[in-house]
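As stored in structure_2.cif (mmCIF, C-alpha atoms and all ligand atoms):
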```cif
data_work
loop_
_atom_site.label_atom_id
_atom_site.label_comp_id
_atom_site.auth_asym_id
_atom_site.auth_seq_id
_atom_site.Cartn_x
_atom_site.Cartn_y
_atom_site.Cartn_z
CA MET A 1 39.51 2.55 -44.08
CA LYS A 2 42.50 0.36 -43.22
CA GLY A 3 42.44 -3.05 -41.57
CA SER A 4 39.78 -5.72 -41.59
CA MET A 5 36.32 -5.39 -40.13
CA THR A 6 33.14 -7.37 -39.95
CA HIS A 7 30.09 -5.69 -41.44
CA ARG A 8 27.44 -6.78 -39.04
CA MET A 9 24.28 -8.19 -40.46
CA LYS A 10 21.15 -6.13 -39.81
CA LEU A 11 18.14 -8.04 -38.63
CA ASP A 12 14.50 -7.23 -39.32
CA THR A 13 13.13 -5.36 -36.30
CA ALA A 14 9.98 -4.01 -37.93
CA ASN A 15 7.89 -7.10 -37.23
CA PRO A 16 7.44 -9.57 -34.34
CA PRO A 17 9.63 -12.69 -34.79
CA ALA A 18 8.50 -15.40 -37.22
CA GLN A 19 10.06 -18.15 -35.05
CA ALA A 20 8.39 -19.43 -31.85
CA ALA A 21 9.01 -16.82 -29.17
CA ARG A 22 7.43 -15.38 -26.08
CA GLN A 23 7.03 -11.64 -25.56
CA LYS A 24 9.02 -10.57 -22.49
CA GLY A 25 8.29 -6.86 -22.56
CA SER A 26 6.03 -4.53 -24.54
CA PHE A 27 6.71 -1.01 -25.80
CA ALA A 28 4.85 0.67 -22.96
CA SER A 29 3.33 -0.02 -19.57
CA GLY A 30 -0.20 -1.43 -19.66
CA LEU A 31 -1.24 1.78 -17.86
CA GLN A 32 -0.10 3.99 -20.74
CA LEU A 33 -2.67 5.24 -23.25
CA THR A 34 -0.03 6.28 -25.78
CA THR A 35 3.69 6.01 -26.50
CA ASP A 36 4.22 9.44 -28.06
CA HIS A 37 5.28 12.47 -26.06
CA ASP A 38 7.03 15.79 -26.62
CA LEU A 39 9.76 15.61 -23.96
CA CYS A 40 13.36 16.07 -25.15
CA PRO A 41 15.56 13.30 -26.53
CA GLY A 42 17.35 11.51 -23.68
CA CYS A 43 15.04 12.84 -20.93
CA GLY A 44 14.90 10.63 -17.83
CA GLU A 45 11.33 11.52 -16.83
CA PRO A 46 9.42 9.15 -19.18
CA VAL A 47 11.71 6.34 -18.01
CA ALA A 48 10.89 7.02 -14.35
CA LEU A 49 7.18 7.32 -15.15
CA ARG A 50 7.15 3.91 -16.76
CA ALA A 51 8.82 2.38 -13.69
CA LEU A 52 6.06 3.91 -11.53
CA LEU A 53 3.25 2.70 -13.81
CA ASP A 54 4.76 -0.79 -14.06
CA ALA A 55 4.83 -0.94 -10.23
CA VAL A 56 1.15 0.06 -9.94
CA GLU A 57 0.26 -2.52 -12.58
CA THR A 58 2.32 -5.29 -10.96
CA LEU A 59 0.59 -4.70 -7.62
CA GLY A 60 -2.84 -4.76 -9.33
CA LEU A 61 -3.77 -1.39 -7.84
CA ALA A 62 -4.69 0.57 -10.99
CA GLN A 63 -8.43 0.73 -10.26
CA ARG A 64 -7.89 2.34 -6.84
CA THR A 65 -4.95 4.62 -7.67
CA ILE A 66 -5.11 8.43 -7.69
CA GLY A 67 -2.10 10.46 -8.83
CA VAL A 68 -1.59 14.13 -7.98
CA VAL A 69 0.67 15.90 -10.45
CA GLY A 70 2.81 18.99 -9.92
CA ILE A 71 4.13 21.44 -12.52
CA GLY A 72 7.16 20.64 -14.66
CA CYS A 73 8.09 18.86 -17.87
CA TYR A 74 6.51 15.62 -16.51
CA THR A 75 3.11 17.40 -16.46
CA ALA A 76 3.06 16.96 -20.24
CA LEU A 77 3.15 13.18 -19.72
CA THR A 78 -0.22 13.09 -17.93
CA SER A 79 -2.14 12.69 -21.18
CA MET A 80 -0.52 9.26 -21.58
CA ILE A 81 -1.39 7.96 -18.08
CA ASP A 82 -4.41 5.66 -17.74
CA LEU A 83 -5.09 6.43 -14.06
CA ASP A 84 -7.26 8.94 -12.18
CA LEU A 85 -5.24 12.15 -11.81
CA ILE A 86 -5.58 15.51 -10.10
CA GLN A 87 -3.58 18.51 -11.32
CA ALA A 88 -2.10 20.47 -8.41
CA LEU A 89 -0.86 24.05 -8.27
CA HIS A 90 2.93 24.34 -8.26
CA GLY A 91 4.34 22.52 -5.20
CA ARG A 92 0.96 21.80 -3.61
CA ALA A 93 0.52 18.14 -4.57
CA PRO A 94 1.25 16.69 -1.09
CA SER A 95 -1.70 18.57 0.48
CA LEU A 96 -4.07 17.55 -2.32
CA ALA A 97 -2.92 13.95 -1.88
CA THR A 98 -3.53 14.25 1.88
CA GLY A 99 -7.10 15.43 1.32
CA ALA A 100 -7.88 12.75 -1.27
CA LYS A 101 -6.43 9.99 0.94
CA ARG A 102 -8.40 11.11 3.98
CA MET A 103 -11.61 10.95 1.92
CA ARG A 104 -10.62 7.69 0.17
CA PRO A 105 -8.56 5.69 2.68
CA ASP A 106 -8.62 2.59 0.45
CA ALA A 107 -7.06 4.41 -2.50
CA LEU A 108 -3.36 4.41 -3.42
CA LEU A 109 -2.26 8.07 -3.50
CA PHE A 110 0.94 9.20 -5.14
CA THR A 111 2.26 12.61 -6.09
CA LEU A 112 4.44 13.23 -9.16
CA GLN A 113 6.67 16.26 -8.63
CA GLY A 114 9.97 17.71 -9.78
CA ASP A 115 12.74 19.18 -7.65
CA GLY A 116 11.69 22.72 -8.58
CA ASP A 117 8.08 21.90 -7.73
CA MET A 118 8.71 19.99 -4.51
CA VAL A 119 11.94 21.37 -3.06
CA ASN A 120 11.66 25.00 -4.18
CA GLU A 121 8.07 26.05 -4.80
CA GLY A 122 6.36 23.85 -2.22
CA LEU A 123 8.99 22.69 0.25
CA GLN A 124 6.87 23.09 3.36
CA GLU A 125 4.11 20.95 1.81
CA VAL A 126 6.15 17.78 1.55
CA ILE A 127 7.87 18.28 4.92
CA HIS A 128 4.62 18.76 6.85
CA THR A 129 2.93 15.90 5.00
CA ALA A 130 5.84 13.63 5.94
CA ALA A 131 6.02 14.83 9.53
CA ARG A 132 2.28 14.26 10.00
CA GLY A 133 2.81 10.72 8.78
CA GLU A 134 0.14 11.06 6.10
CA ASN A 135 -0.39 7.71 4.45
CA VAL A 136 0.56 8.81 0.92
CA THR A 137 3.56 8.30 -1.38
CA CYS A 138 5.32 11.41 -2.64
CA VAL A 139 7.43 10.94 -5.78
CA LEU A 140 10.24 13.29 -6.76
CA LEU A 141 11.79 13.36 -10.23
CA ASN A 142 15.08 15.06 -9.37
CA ASN A 143 17.12 16.48 -12.26
CA GLY A 144 18.63 19.41 -10.36
CA VAL A 145 17.02 22.01 -12.62
CA PHE A 146 13.78 23.85 -13.31
CA GLY A 147 13.67 21.94 -16.60
CA GLU A 148 10.47 23.26 -18.09
CA THR A 149 11.23 26.94 -17.59
CA GLY A 150 14.73 26.79 -19.07
CA GLY A 151 17.09 24.76 -16.88
CA HIS A 152 17.84 27.05 -13.95
CA MET A 153 19.33 26.01 -10.59
CA THR A 154 17.01 24.48 -7.99
CA ALA A 155 17.42 23.70 -4.31
CA THR A 156 18.77 20.23 -5.23
CA THR A 157 21.42 21.38 -7.75
CA VAL A 158 24.74 20.00 -6.52
CA ILE A 159 27.91 22.02 -5.96
CA GLY A 160 29.72 22.42 -9.26
CA GLN A 161 26.66 21.59 -11.37
CA ARG A 162 26.19 23.73 -14.48
CA THR A 163 22.71 25.19 -14.97
CA LYS A 164 21.34 28.17 -16.92
CA ASN A 165 22.17 30.56 -14.06
CA THR A 166 25.21 28.74 -12.66
CA LEU A 167 27.23 28.57 -15.87
CA GLU A 168 30.50 28.20 -13.95
CA GLY A 169 28.92 25.55 -11.71
CA ARG A 170 27.01 26.01 -8.45
CA ASP A 171 29.23 27.75 -5.92
CA ALA A 172 28.37 27.15 -2.25
CA ALA A 173 29.72 30.53 -1.16
CA TYR A 174 27.50 32.37 -3.64
CA HIS A 175 24.49 30.06 -4.24
CA GLY A 176 24.29 28.14 -0.98
CA HIS A 177 24.17 24.37 -0.50
CA PRO A 178 21.82 21.78 -2.01
CA ILE A 179 19.00 20.25 0.04
CA LEU A 180 19.20 16.45 0.14
CA ILE A 181 15.46 16.07 0.44
CA GLY A 182 15.32 12.27 0.67
CA ASP A 183 17.76 12.28 3.60
CA LEU A 184 15.91 15.15 5.26
CA LEU A 185 12.52 13.38 5.03
CA ALA A 186 13.99 10.06 6.19
CA GLY A 187 14.99 11.81 9.42
CA LEU A 188 11.36 12.67 10.26
CA GLY A 189 9.33 10.44 12.58
CA GLY A 190 6.27 10.24 10.29
CA THR A 191 8.06 8.54 7.40
CA SER A 192 7.95 4.76 6.96
CA TYR A 193 9.73 4.18 3.65
CA VAL A 194 12.27 6.39 1.82
CA ALA A 195 14.35 5.39 -1.22
CA ARG A 196 16.34 7.14 -3.92
CA GLY A 197 16.68 5.52 -7.33
CA SER A 198 18.31 6.65 -10.57
CA VAL A 199 17.46 5.92 -14.19
CA HIS A 200 21.04 6.24 -15.50
CA ASP A 201 21.19 2.54 -16.47
CA ALA A 202 18.98 -0.53 -16.80
CA ALA A 203 19.85 -1.87 -13.33
CA GLY A 204 18.99 1.53 -11.85
CA VAL A 205 15.61 1.54 -13.62
CA ALA A 206 14.84 -1.98 -12.36
CA LYS A 207 15.75 -0.96 -8.78
CA THR A 208 13.66 2.20 -9.05
CA ARG A 209 10.66 0.11 -10.01
CA LYS A 210 11.24 -2.08 -6.92
CA TYR A 211 11.37 1.03 -4.73
CA PHE A 212 8.00 2.14 -6.12
CA GLU A 213 6.52 -1.28 -5.35
CA ARG A 214 7.86 -1.22 -1.78
CA ALA A 215 6.61 2.32 -1.15
CA PHE A 216 3.13 1.48 -2.48
CA GLU A 217 3.01 -1.72 -0.43
CA SER A 218 3.99 0.26 2.66
CA GLN A 219 1.17 2.72 1.98
CA MET A 220 -1.36 -0.09 1.47
CA ARG A 221 -0.29 -1.55 4.83
CA GLY A 222 -1.05 1.87 6.35
CA GLU A 223 2.49 2.43 7.63
CA GLY A 224 2.57 6.20 7.08
CA PHE A 225 4.38 8.52 4.69
CA SER A 226 6.51 7.00 1.94
CA PHE A 227 8.86 8.72 -0.47
CA VAL A 228 10.53 7.69 -3.71
CA GLU A 229 13.07 10.07 -5.24
CA VAL A 230 14.32 9.30 -8.74
CA LEU A 231 17.39 10.97 -10.27
CA THR A 232 16.57 11.72 -13.92
CA MET A 233 18.59 13.04 -16.86
CA CYS A 234 17.92 16.54 -18.21
CA PRO A 235 20.51 16.81 -21.01
CA THR A 236 18.83 19.98 -22.30
CA GLY A 237 19.06 21.82 -18.99
CA TRP A 238 22.58 20.58 -18.27
CA PHE A 239 23.99 21.42 -21.74
CA VAL A 240 25.30 17.87 -22.24
CA PRO A 241 24.84 15.62 -25.30
CA THR A 242 22.06 13.08 -24.72
CA LYS A 243 24.43 10.11 -24.66
CA GLU A 244 26.48 11.71 -21.88
CA GLY A 245 23.38 12.30 -19.74
CA PRO A 246 23.41 9.01 -17.81
CA GLY A 247 27.12 9.27 -16.94
CA TYR A 248 26.72 12.89 -15.86
CA LEU A 249 23.69 11.99 -13.72
CA ASP A 250 25.48 9.14 -11.99
CA GLU A 251 28.76 10.98 -11.40
CA VAL A 252 27.68 14.55 -10.70
CA MET A 253 24.27 14.16 -9.03
CA GLY A 254 24.52 10.53 -7.84
CA SER A 255 27.69 11.21 -5.83
CA VAL A 256 25.77 13.73 -3.68
CA HIS A 257 22.18 12.45 -3.79
CA VAL A 258 23.33 8.88 -3.06
CA THR A 259 21.02 6.13 -4.27
CA GLY A 260 19.59 3.26 -2.26
CA GLU A 261 16.96 2.66 0.40
CA LEU A 262 17.26 5.18 3.23
CA LYS A 263 14.43 4.00 5.49
CA VAL A 264 12.43 0.78 5.56
CA GLY A 265 9.61 -0.07 7.98
CA GLY A 266 10.24 3.20 9.83
CA VAL A 267 13.89 2.28 10.50
CA LEU A 268 16.80 4.26 9.05
CA LYS A 269 19.11 2.11 6.93
CA ARG A 270 22.04 4.51 6.94
CA ASP A 271 22.85 7.85 8.48
CA MET B 272 31.59 -17.07 -42.30
CA SER B 273 30.92 -17.12 -38.59
CA GLN B 274 27.86 -18.28 -36.69
CA VAL B 275 26.15 -16.08 -34.12
CA GLU B 276 23.30 -17.20 -31.87
CA SER B 277 20.33 -15.01 -30.88
CA ARG B 278 18.37 -16.08 -27.81
CA GLY B 279 15.96 -13.20 -28.25
CA THR B 280 15.06 -10.28 -30.45
CA VAL B 281 13.45 -6.85 -30.36
CA VAL B 282 10.89 -4.95 -32.40
CA ILE B 283 11.98 -1.32 -32.74
CA ALA B 284 9.47 1.48 -33.32
CA VAL B 285 12.00 3.50 -35.32
CA ASP B 286 9.64 6.29 -36.28
CA ARG B 287 9.27 7.62 -32.74
CA CYS B 288 12.97 7.26 -31.88
CA LYS B 289 14.59 10.60 -30.99
CA GLY B 290 18.14 9.38 -31.57
CA CYS B 291 19.34 9.87 -27.99
CA GLU B 292 21.59 6.75 -28.17
CA LEU B 293 20.87 5.69 -24.57
CA CYS B 294 20.05 2.16 -25.76
CA ILE B 295 23.46 1.67 -27.40
CA PRO B 296 25.71 1.36 -24.28
CA ALA B 297 22.81 -0.20 -22.32
CA CYS B 298 22.85 -3.36 -24.47
CA PRO B 299 25.12 -5.90 -22.71
CA PRO B 300 26.16 -7.90 -25.84
CA ALA B 301 26.51 -4.62 -27.83
CA VAL B 302 24.28 -5.73 -30.69
CA LEU B 303 22.62 -2.33 -31.17
CA SER B 304 24.23 0.39 -33.30
CA MET B 305 22.93 3.66 -34.73
CA SER B 306 21.74 3.81 -38.35
CA VAL B 307 23.27 5.92 -41.07
CA ASP B 308 19.78 6.69 -42.39
CA GLN B 309 17.32 8.99 -40.64
CA ASN B 310 13.77 8.19 -39.58
CA ALA B 311 10.64 10.15 -40.48
CA ILE B 312 11.41 12.83 -37.86
CA GLY B 313 15.07 13.24 -38.82
CA PHE B 314 16.90 11.10 -36.28
CA ALA B 315 19.26 8.14 -36.57
CA TYR B 316 17.81 5.06 -34.86
CA PRO B 317 19.14 1.76 -33.50
CA GLU B 318 19.64 -1.30 -35.69
CA LEU B 319 19.99 -4.86 -34.41
CA ALA B 320 22.84 -7.26 -35.23
CA PRO B 321 22.76 -10.99 -34.35
CA GLY B 322 23.41 -11.91 -30.71
CA CYS B 323 20.45 -10.40 -28.82
CA THR B 324 19.77 -12.23 -25.54
CA GLY B 325 16.30 -10.77 -24.98
CA CYS B 326 17.47 -9.23 -21.70
CA GLY B 327 15.24 -6.14 -22.00
CA ALA B 328 17.86 -3.54 -20.96
CA CYS B 329 17.11 -1.44 -24.07
CA LEU B 330 13.41 -1.38 -23.17
CA LEU B 331 14.19 -0.23 -19.62
CA VAL B 332 16.34 2.77 -20.62
CA CYS B 333 14.55 4.08 -23.74
CA PRO B 334 12.69 7.35 -22.98
CA ASP B 335 10.53 6.98 -26.09
CA PHE B 336 9.12 3.48 -25.66
CA CYS B 337 10.73 2.16 -28.85
CA PHE B 338 11.39 -1.46 -27.81
CA ALA B 339 9.31 -4.62 -27.51
CA VAL B 340 11.39 -7.63 -26.40
CA TYR B 341 11.01 -11.33 -27.25
CA GLY B 342 12.74 -14.49 -26.05
CA TYR B 343 13.02 -17.29 -28.64
CA ASP B 344 11.82 -20.74 -27.55
CA GLU B 345 14.91 -22.15 -29.36
CA PRO B 346 18.01 -20.03 -30.11
CA VAL B 347 18.20 -18.77 -33.70
CA LEU B 348 21.50 -19.12 -35.57
CA HIS B 349 22.71 -16.47 -38.03
CA GLU B 350 25.51 -16.89 -40.57
CA GLU B 351 27.48 -13.64 -40.58
CA GLU B 352 29.73 -12.82 -43.50
CA ASP B 353 33.19 -11.51 -42.60
CA THR B 354 34.00 -8.86 -45.17
CA ALA B 355 37.66 -8.03 -44.97
CA CYS B 356 38.66 -4.62 -46.29
CA ALA B 357 42.04 -4.65 -47.94
CA PRO B 358 44.68 -2.76 -45.95
C1 LIG A 401 3.19 29.44 -9.09
C2 LIG A 401 4.06 29.17 -10.29
N1 LIG A 401 5.32 29.66 -10.32
C3 LIG A 401 6.12 29.40 -11.39
C4 LIG A 401 5.66 28.66 -12.45
C5 LIG A 401 6.57 28.38 -13.64
N2 LIG A 401 7.07 27.02 -13.70
C6 LIG A 401 6.50 26.09 -14.49
S1 LIG A 401 7.35 24.63 -14.52
C7 LIG A 401 8.51 25.27 -13.45
C8 LIG A 401 9.71 24.47 -13.07
C9 LIG A 401 9.45 23.07 -12.68
O1 LIG A 401 10.65 22.46 -12.33
P1 LIG A 401 10.66 20.98 -11.82
O2 LIG A 401 9.55 20.77 -10.86
O3 LIG A 401 12.03 20.67 -11.34
O4 LIG A 401 10.29 20.12 -13.11
P2 LIG A 401 11.15 19.77 -14.41
O5 LIG A 401 10.64 20.69 -15.47
O6 LIG A 401 12.60 19.93 -14.09
O7 LIG A 401 10.79 18.37 -14.70
C10 LIG A 401 8.21 26.57 -13.09
C11 LIG A 401 9.03 27.41 -12.20
C12 LIG A 401 4.33 28.16 -12.38
N3 LIG A 401 3.82 27.42 -13.36
N4 LIG A 401 3.55 28.45 -11.30
S1 LIG A 402 14.03 20.17 -20.38
FE1 LIG A 402 14.99 18.47 -19.29
S2 LIG A 402 13.38 17.59 -17.97
FE2 LIG A 402 12.38 18.88 -19.53
S3 LIG A 402 11.84 17.46 -21.21
FE3 LIG A 402 13.84 18.37 -21.71
S4 LIG A 402 15.34 16.92 -20.89
FE4 LIG A 402 13.37 16.43 -19.89
S1 LIG A 403 17.08 -7.16 -25.43
FE1 LIG A 403 19.11 -6.96 -24.44
S2 LIG A 403 20.51 -7.96 -25.87
FE2 LIG A 403 18.61 -7.58 -27.02
S3 LIG A 403 18.93 -5.60 -28.03
FE3 LIG A 403 17.90 -5.17 -26.07
S4 LIG A 403 19.59 -4.76 -24.63
FE4 LIG A 403 20.50 -5.77 -26.43
S1 LIG A 404 17.00 4.92 -26.40
FE1 LIG A 404 15.10 4.93 -27.62
S2 LIG A 404 14.89 7.03 -28.40
FE2 LIG A 404 17.01 6.77 -27.71
S3 LIG A 404 18.14 6.11 -29.58
FE3 LIG A 404 17.54 4.25 -28.48
S4 LIG A 404 15.55 3.70 -29.44
FE4 LIG A 404 15.95 5.84 -29.97
MG MG A 405 13.54 19.54 -12.21
#
```

Is it possible to give me this structure as structure tokens?
Amino acid sequence: MKGSMTHRMKLDTANPPAQAARQKGSFASGLQLTTDHDLCPGCGEPVALRALLDAVETLGLAQRTIGVVGIGCYTALTSMIDLDLIQALHGRAPSLATGAKRMRPDALLFTLQGDGDMVNEGLQEVIHTAARGENVTCVLLNNGVFGETGGHMTATTVIGQRTKNTLEGRDAAYHGHPILIGDLLAGLGGTSYVARGSVHDAAGVAKTRKYFERAFESQMRGEGFSFVEVLTMCPTGWFVPTKEGPGYLDEVMGSVHVTGELKVGGVLKRD
Amino acid sequence: MSQVESRGTVVIAVDRCKGCELCIPACPPAVLSMSVDQNAIGFAYPELAPGCTGCGACLLVCPDFCFAVYGYDEPVLHEEEDTACAP
């Protein structure tokens, strides 16, 4: 190799520091039983899950929290969650959460669903739950594909997005238009809090965690339906190298499913 | 020789790293780089050079929970050797 370069020193990262230091962050959330999982390299779903668990922990609500989990790659993460959980049939988590909340009004109820689960398989569930103003928080991990079953187009796949069955990109004339579910739910009278985060970078993850906290606080104040959508990378389903996942998520999905708070305290923040 | 200051450091659980490289561009001072060696499950993993600020960005973006982050009470100084390769 030509030219001059600095060979950077490698520091020991196998052990905690010998010098006086304070731990600022641990490997996993305190509500995780394990750190090992079988999701793909570069997947955004474990990142979003940690943001959710950190929010529950920060609010001190772990003992009264019940999660209702849909069907998708994230379902495989349930074995690492140290919370009470109910496994729903595909798309049916909002109704199970409704029932549990009505029986346990002091509990914090959240669903954990994917775009295929929520916006395809069980679309009417989340819409009716929101319109009734049920006091639960529905959570959507939106990667624009049916990840677990092979990366096919869902109802949230954006125009031009490559999936297993839209290899040339989603074409509106042939495949129809995506449903912007966060915007749709924000327009309903029963919803109190709606936000869309993205885990494409550290600032996005930190904001997503804040959105979870605000949604859970809204539910604990009894304000009605709350919704947190999180855009997550699926490099496997999108056929992109893992390191290009965050950029692809932000540019391709984030330009259509625009991030930010959509509704706070029952008031729309943008239209 | 040049001196570099670390205000923090990380412990990296290299054996569960899946080599996705999301932590590399996430690190603001760019002190993480991928190894040449592979870990027990066949992936390259991040290595730390001097200059960590303890900001925690790597911890936030890693899908495999590979980072624990520390802030030093007093900054730690490292002497880095400049090895010039002959043109
Ligand atoms: C009633 C029913 N129909 C279809 C399936 C097959 N199935 C399992 S996971 C899945 C896709 C889930 O996609 P999504 O919710 O977006 O989750 P992701 O895997 O992308 O995280 C489907 C269709 C099923 N399990 N049950
Ligand atoms: S297929 Fe996609 S969503 Fe499923 S684990 Fe792999 S990267 Fe994650
Ligand atoms: S804590 Fe911040 S500065 Fe240190 S390695 Fe992680 S991202 Fe880089
Ligand atoms: S983000 Fe995590 S899994 Fe990916 S390369 Fe960095 S340490 Fe490994
Ligand atoms: Mg999906």

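Minimum atom-to-atom distances from A:Gln113, A:Ser218, A:Thr13, A:Thr236 to chain B were compared using only C-alpha atoms, and the lowest value belongs to A:Thr13.
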
Quiz item: Excluding same-chain residues fewer than 5 positions from Val275 of chain B, what lies within 12 Å of it counting only C-alpha atoms, as a list in words?
Solution: Arg8 and Met9 of chain A; Pro300, Val302, Ala320, Pro321, Gly322, Cys323, Thr324, Pro346, Val347, Leu348, His349, Glu350, Glu351, Glu352 and Asp353 of chain B

Quiz prompt | Nearby polymer residues, ligand MG 405 (chain A), at most 10 Å, only C-alpha atoms and all ligand atoms, as a PyMOL selection string | solution = chain A and resi 45+71-74+113-120+140-149+151-157+231-234+237

Mind dumping the selected residues with C-alpha atoms as a PDB file, in the frame of the given file?
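Output (part-v2.pdb):
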```
ATOM      1  CA  GLU A  45      11.330  11.520 -16.830  1.00  0.00           C
ATOM      2  CA  ILE A  71       4.130  21.440 -12.520  1.00  0.00           C
ATOM      3  CA  GLY A  72       7.160  20.640 -14.660  1.00  0.00           C
ATOM      4  CA  CYS A  73       8.090  18.860 -17.870  1.00  0.00           C
ATOM      5  CA  TYR A  74       6.510  15.620 -16.510  1.00  0.00           C
ATOM      6  CA  GLN A 113       6.670  16.260  -8.630  1.00  0.00           C
ATOM      7  CA  GLY A 114       9.970  17.710  -9.780  1.00  0.00           C
ATOM      8  CA  ASP A 115      12.740  19.180  -7.650  1.00  0.00           C
ATOM      9  CA  GLY A 116      11.690  22.720  -8.580  1.00  0.00           C
ATOM     10  CA  ASP A 117       8.080  21.900  -7.730  1.00  0.00           C
ATOM     11  CA  MET A 118       8.710  19.990  -4.510  1.00  0.00           C
ATOM     12  CA  VAL A 119      11.940  21.370  -3.060  1.00  0.00           C
ATOM     13  CA  ASN A 120      11.660  25.000  -4.180  1.00  0.00           C
ATOM     14  CA  LEU A 140      10.240  13.290  -6.760  1.00  0.00           C
ATOM     15  CA  LEU A 141      11.790  13.360 -10.230  1.00  0.00           C
ATOM     16  CA  ASN A 142      15.080  15.060  -9.370  1.00  0.00           C
ATOM     17  CA  ASN A 143      17.120  16.480 -12.260  1.00  0.00           C
ATOM     18  CA  GLY A 144      18.630  19.410 -10.360  1.00  0.00           C
ATOM     19  CA  VAL A 145      17.020  22.010 -12.620  1.00  0.00           C
ATOM     20  CA  PHE A 146      13.780  23.850 -13.310  1.00  0.00           C
ATOM     21  CA  GLY A 147      13.670  21.940 -16.600  1.00  0.00           C
ATOM     22  CA  GLU A 148      10.470  23.260 -18.090  1.00  0.00           C
ATOM     23  CA  THR A 149      11.230  26.940 -17.590  1.00  0.00           C
ATOM     24  CA  GLY A 151      17.090  24.760 -16.880  1.00  0.00           C
ATOM     25  CA  HIS A 152      17.840  27.050 -13.950  1.00  0.00           C
ATOM     26  CA  MET A 153      19.330  26.010 -10.590  1.00  0.00           C
ATOM     27  CA  THR A 154      17.010  24.480  -7.990  1.00  0.00           C
ATOM     28  CA  ALA A 155      17.420  23.700  -4.310  1.00  0.00           C
ATOM     29  CA  THR A 156      18.770  20.230  -5.230  1.00  0.00           C
ATOM     30  CA  THR A 157      21.420  21.380  -7.750  1.00  0.00           C
ATOM     31  CA  LEU A 231      17.390  10.970 -10.270  1.00  0.00           C
ATOM     32  CA  THR A 232      16.570  11.720 -13.920  1.00  0.00           C
ATOM     33  CA  MET A 233      18.590  13.040 -16.860  1.00  0.00           C
ATOM     34  CA  CYS A 234      17.920  16.540 -18.210  1.00  0.00           C
ATOM     35  CA  GLY A 237      19.060  21.820 -18.990  1.00  0.00           C
TER      36      GLY A 237
END
```

Chain B residues near ligand LIG 402 (chain A) within 12 Å, closest pair each, using only C-alpha atoms and all ligand atoms, as a tab-separated table:
```
residue	atom	partner	partner_atom	distance
B:Lys289	CA	A:LIG402	S4	11.9
B:Cys291	CA	A:LIG402	S4	10.8
B:Pro334	CA	A:LIG402	FE4	9.6
B:Asp335	CA	A:LIG402	S3	11.6
```

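Proximity of A:Asp201, A:Glu213, A:Glu261, A:Glu244 to ligand LIG 403 (chain A), computed with all atoms listed in the file, is greatest for A:Asp201.
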
Quiz prompt | Contacts of ligand LIG 403 (chain A), 9 Å or closer, only C-alpha atoms and all ligand atoms, given as a PyMOL selection string | solution = (chain A and resi 202) or (chain B and resi 277-281+294-303+318-320+322-331+338-342)

Quiz item: Which chain A residues are at most 8 Å from chain B (counting only C-alpha atoms), as a PyMOL selection string?
Solution: chain A and resi 1-17+19-28+35-37+41-47+199-202+205-206+242-243+246

Those same residues, written as a CSV table (one decimal), in the frame of the given file with C-alpha atoms?
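Output file part.csv follows:
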```csv
chain,number,residue,atom,x,y,z
A,1,MET,CA,39.5,2.6,-44.1
A,2,LYS,CA,42.5,0.4,-43.2
A,3,GLY,CA,42.4,-3.0,-41.6
A,4,SER,CA,39.8,-5.7,-41.6
A,5,MET,CA,36.3,-5.4,-40.1
A,6,THR,CA,33.1,-7.4,-40.0
A,7,HIS,CA,30.1,-5.7,-41.4
A,8,ARG,CA,27.4,-6.8,-39.0
A,9,MET,CA,24.3,-8.2,-40.5
A,10,LYS,CA,21.2,-6.1,-39.8
A,11,LEU,CA,18.1,-8.0,-38.6
A,12,ASP,CA,14.5,-7.2,-39.3
A,13,THR,CA,13.1,-5.4,-36.3
A,14,ALA,CA,10.0,-4.0,-37.9
A,15,ASN,CA,7.9,-7.1,-37.2
A,16,PRO,CA,7.4,-9.6,-34.3
A,17,PRO,CA,9.6,-12.7,-34.8
A,19,GLN,CA,10.1,-18.2,-35.0
A,20,ALA,CA,8.4,-19.4,-31.8
A,21,ALA,CA,9.0,-16.8,-29.2
A,22,ARG,CA,7.4,-15.4,-26.1
A,23,GLN,CA,7.0,-11.6,-25.6
A,24,LYS,CA,9.0,-10.6,-22.5
A,25,GLY,CA,8.3,-6.9,-22.6
A,26,SER,CA,6.0,-4.5,-24.5
A,27,PHE,CA,6.7,-1.0,-25.8
A,28,ALA,CA,4.8,0.7,-23.0
A,35,THR,CA,3.7,6.0,-26.5
A,36,ASP,CA,4.2,9.4,-28.1
A,37,HIS,CA,5.3,12.5,-26.1
A,41,PRO,CA,15.6,13.3,-26.5
A,42,GLY,CA,17.4,11.5,-23.7
A,43,CYS,CA,15.0,12.8,-20.9
A,44,GLY,CA,14.9,10.6,-17.8
A,45,GLU,CA,11.3,11.5,-16.8
A,46,PRO,CA,9.4,9.2,-19.2
A,47,VAL,CA,11.7,6.3,-18.0
A,199,VAL,CA,17.5,5.9,-14.2
A,200,HIS,CA,21.0,6.2,-15.5
A,201,ASP,CA,21.2,2.5,-16.5
A,202,ALA,CA,19.0,-0.5,-16.8
A,205,VAL,CA,15.6,1.5,-13.6
A,206,ALA,CA,14.8,-2.0,-12.4
A,242,THR,CA,22.1,13.1,-24.7
A,243,LYS,CA,24.4,10.1,-24.7
A,246,PRO,CA,23.4,9.0,-17.8
```

Practice problem: Show which residues sit within 10 Å of Val258 of chain A, as number ranges by chain. Count all atoms listed in the file, and ignore same-chain residues fewer than 3 positions away. | Solution: A: 180, 182-183, 195-198, 231, 250, 253-255, 261-262

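Going from atom CA of Asp106 of chain A to atom CA of Arg64 of chain A covers 7.3 Å.
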
Practice problem: For atom CA of Ala186 of chain A and atom CA of Lys263 of chain A, quote the distance in Å rounded to one decimal. | Solution: 6.1 Å
